[in-house]
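Everything below concerns the one structure shown next.
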Amino acid sequence: MKIGFAMCGSFCTFSRVTEEIARLVNAGYDVLPILSQTAYTTDTRFGTAQDWIDKIETICKTPIIHTIAGAEPIGPKALLDALVIAPCTGNTLAKLACGITDSSVTMAAKAHLRNERPVVVAVSTNDGLGLNAKNIGTLSSSRHFYFVPFGQDDPQKKTKSLVADMTQILPTLESALVGVQLQPMLI
């Protein structure tokens with residue numbers, strides 16, 4: 001099976017997420033990496049953009065899609081059986097919920113959804129229990145969207161912050177491929 005794996009700019013989760021990409025590859029999935037422009041170009045205290053690019057391309061053994069034009073053929077060519085977005089930032093959640101297509105990740109989702117196949121979302125946002133709660137609600141009640149189980153990552157210091165349990169990406173993907181939301185969704 002061919003799985004698209006799209007990453008947005010929640011850099012603090014990149015280490016955990018790349019471990020899960022390797023798990024998918026080791027489980028026999030053919031993984032097509034997709035990075036948002038921010039994820040593809042930004043150096044942070046969590047690593048340089050080039051280090052992440054090299055690591056991801058080494059794991060997947062294929063170049064990263066990082067432009068809108070590069071992501072657009074995903075739909076017409078029916079390239080993917082499923083798309084994982086991990087980490088999925090609050091910004092991307094909002095764009096998905098409102099149908100905005102202005103990045104490689106949102107284009108990959110839009111293009112993929114035209115084939116009515118699953119999109120697995122692993123949230124990582126400081127505003128999940130704030131203004132982005134409505135976007136989580138919109139997507140969780142929309143066809144073809146499946147959420148990796150998530151919860152508060154620091155309820156004392158970041159009261160509105162939510163993050164997915166990235167170790168649940170593979171089981172969520174396997175459930176989504178048969179049309180079932182992995183439960184419990186809230187942890």
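Letters A, B, ... mark the chains of the structure tokens in the order given; residue numbers begin at 1 per chain; ligand numbers begin at 1, in order shown.
Close contacts of Val163 of chain A, defined as residues with an atom at most 6 Å away when counting only C-alpha atoms, with chain neighbours fewer than 2 positions off set aside, comprise Val123, Ser124, Phe150, Gly151 and Asp153 of chain A.
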Once you have the residues from the selection above, write them out as a CSV table (one decimal), in the first residue's frame, restricted to C-alpha atoms.
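Writing the result to again.csv gives the following:
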```csv
chain,number,residue,atom,x,y,z
A,123,VAL,CA,-3.0,16.9,15.9
A,124,SER,CA,-0.2,19.0,17.6
A,150,PHE,CA,-4.9,12.7,21.3
A,151,GLY,CA,-5.0,14.5,24.7
A,153,ASP,CA,0.2,17.4,26.6
```
Counting only C-alpha atoms, which residues of segment 2-32 of chain A fall within 10 Å of segment 71-95 of chain A, and what is the closest atom pair for each with its distance in Å at one decimal, ordered by chain and rising number, as CSV?
```
residue,atom,partner,partner_atom,distance
A:Lys2,CA,A:Leu80,CA,5.1
A:Ile3,CA,A:Ala82,CA,5.1
A:Gly4,CA,A:Leu83,CA,4.5
A:Phe5,CA,A:Val84,CA,4.8
A:Ala6,CA,A:Ile85,CA,4.6
A:Met7,CA,A:Ala86,CA,5.2
A:Cys8,CA,A:Pro87,CA,5.6
A:Gly9,CA,A:Thr89,CA,6.8
A:Ser10,CA,A:Pro87,CA,6.1
A:Phe11,CA,A:Pro87,CA,8.3
A:Cys12,CA,A:Pro87,CA,9.4
A:Thr13,CA,A:Pro87,CA,6.8
A:Phe14,CA,A:Pro87,CA,7.6
A:Arg16,CA,A:Pro87,CA,9.6
A:Val17,CA,A:Ala86,CA,6.8
A:Thr18,CA,A:Ala86,CA,9.5
A:Glu20,CA,A:Ala86,CA,9.6
A:Ile21,CA,A:Ala86,CA,9.7
A:Asp30,CA,A:Leu80,CA,9.5
A:Val31,CA,A:Leu80,CA,9.2
A:Leu32,CA,A:Leu80,CA,8.5
```
Neighbour list for segment 128-134 of chain A as number ranges by chain, cut-off 6 Å, only C-alpha atoms, skip fewer than 5 positions in-chain: A: 160-162
Would you write out those residues with N, CA and C atoms, as a PDB file, in the first residue's frame?
```
ATOM      1  N   LYS A 160      -4.718  24.761  26.785  1.00  0.00           N
ATOM      2  CA  LYS A 160      -5.495  24.528  25.562  1.00  0.00           C
ATOM      3  C   LYS A 160      -4.757  23.661  24.548  1.00  0.00           C
ATOM      4  N   SER A 161      -3.582  23.176  24.914  1.00  0.00           N
ATOM      5  CA  SER A 161      -2.725  22.438  23.999  1.00  0.00           C
ATOM      6  C   SER A 161      -3.124  20.963  23.902  1.00  0.00           C
ATOM      7  N   LEU A 162      -3.138  20.444  22.666  1.00  0.00           N
ATOM      8  CA  LEU A 162      -3.422  19.035  22.412  1.00  0.00           C
ATOM      9  C   LEU A 162      -2.323  18.443  21.548  1.00  0.00           C
TER      10      LEU A 162
END
```
Return as a compact mmCIF listing (two decimals) with N, CA and C atoms, in the first residue's frame the full set of residues in segment 58-89 of chain A whose backbone-based DSSP assignment is strand (DSSP E).
```
# COMPACT_ATOMS: atom_id res chain seq x y z
N ALA A 82 -3.90 5.97 1.44
CA ALA A 82 -4.26 6.79 2.59
C ALA A 82 -3.24 7.90 2.72
N LEU A 83 -3.64 8.97 3.41
CA LEU A 83 -2.76 10.09 3.70
C LEU A 83 -2.72 10.30 5.20
N VAL A 84 -1.52 10.38 5.75
CA VAL A 84 -1.33 10.71 7.17
C VAL A 84 -0.81 12.13 7.24
N ILE A 85 -1.40 12.95 8.12
CA ILE A 85 -0.87 14.29 8.38
C ILE A 85 -0.43 14.31 9.83
N ALA A 86 0.90 14.30 10.03
CA ALA A 86 1.46 14.22 11.38
C ALA A 86 2.84 14.87 11.39
N PRO A 87 3.06 15.86 12.18
CA PRO A 87 2.07 16.54 13.01
C PRO A 87 1.16 17.43 12.16
N CYS A 88 -0.06 17.57 12.61
CA CYS A 88 -1.02 18.45 11.97
C CYS A 88 -1.23 19.65 12.89
```
DSSP alpha helix (DSSP H) selection over segment 56-186 of chain A, as a PyMOL selection string: chain A and resi 56-60+68-71+90-98+104-113+133-140+169-176
Selected residue of minimal separation from Ala39 of chain A among A:Thr58, A:Asn126, A:Thr67, A:Thr138, counting only C-alpha atoms: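 Using only C-alpha atoms, the shortest distance to Ala39 of chain A belongs to A:Thr67.
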Non-local contacts of Val180 of chain A (8 Å; only C-alpha atoms; under 4 positions in same chain excluded) as a PyMOL selection string: chain A and resi 146+175-176
Show me, as a PDB file with C-alpha atoms, in the first residue's frame, the residues that have an atom within 8 Å of Ser103 of chain A when counting only C-alpha atoms, minus same-chain residues fewer than 5 positions from it.
```
ATOM      1  CA  SER A  36       4.820  21.917   4.216  1.00  0.00           C
ATOM      2  CA  GLN A  37       6.921  24.845   3.031  1.00  0.00           C
ATOM      3  CA  THR A  67       5.227  22.280  -3.326  1.00  0.00           C
ATOM      4  CA  ILE A  68       1.578  22.680  -4.264  1.00  0.00           C
TER       5      ILE A  68
END
```
Nearest residue to Leu182 of chain A from the set A:Val121, A:Gln152, A:Thr42, A:Gly137 (distances using only C-alpha atoms):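 Smallest separation from Leu182 of chain A among the options: A:Val121.
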From A:Ala69, A:Ala27, A:Pro33, A:Val119, residue lying nearest Ile53 of chain A [only C-alpha atoms]: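 Checking each candidate against Ile53 of chain A, we get A:Pro33 as the closest.
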Nearest candidate to Thr41 of chain A (options A:Asp127, A:His66, A:Val105, A:Val25; using only C-alpha atoms): A:His66
Selected residue of minimal separation from Ile187 of chain A among A:Pro63, A:Pro171, A:Gly28, A:Pro149, counting only C-alpha atoms: A:Pro149
Interatomic distance (Å, one decimal) between atom CA of Leu186 of chain A and atom CA of Val148 of chain A: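 A separation of 8.9 Å between them.
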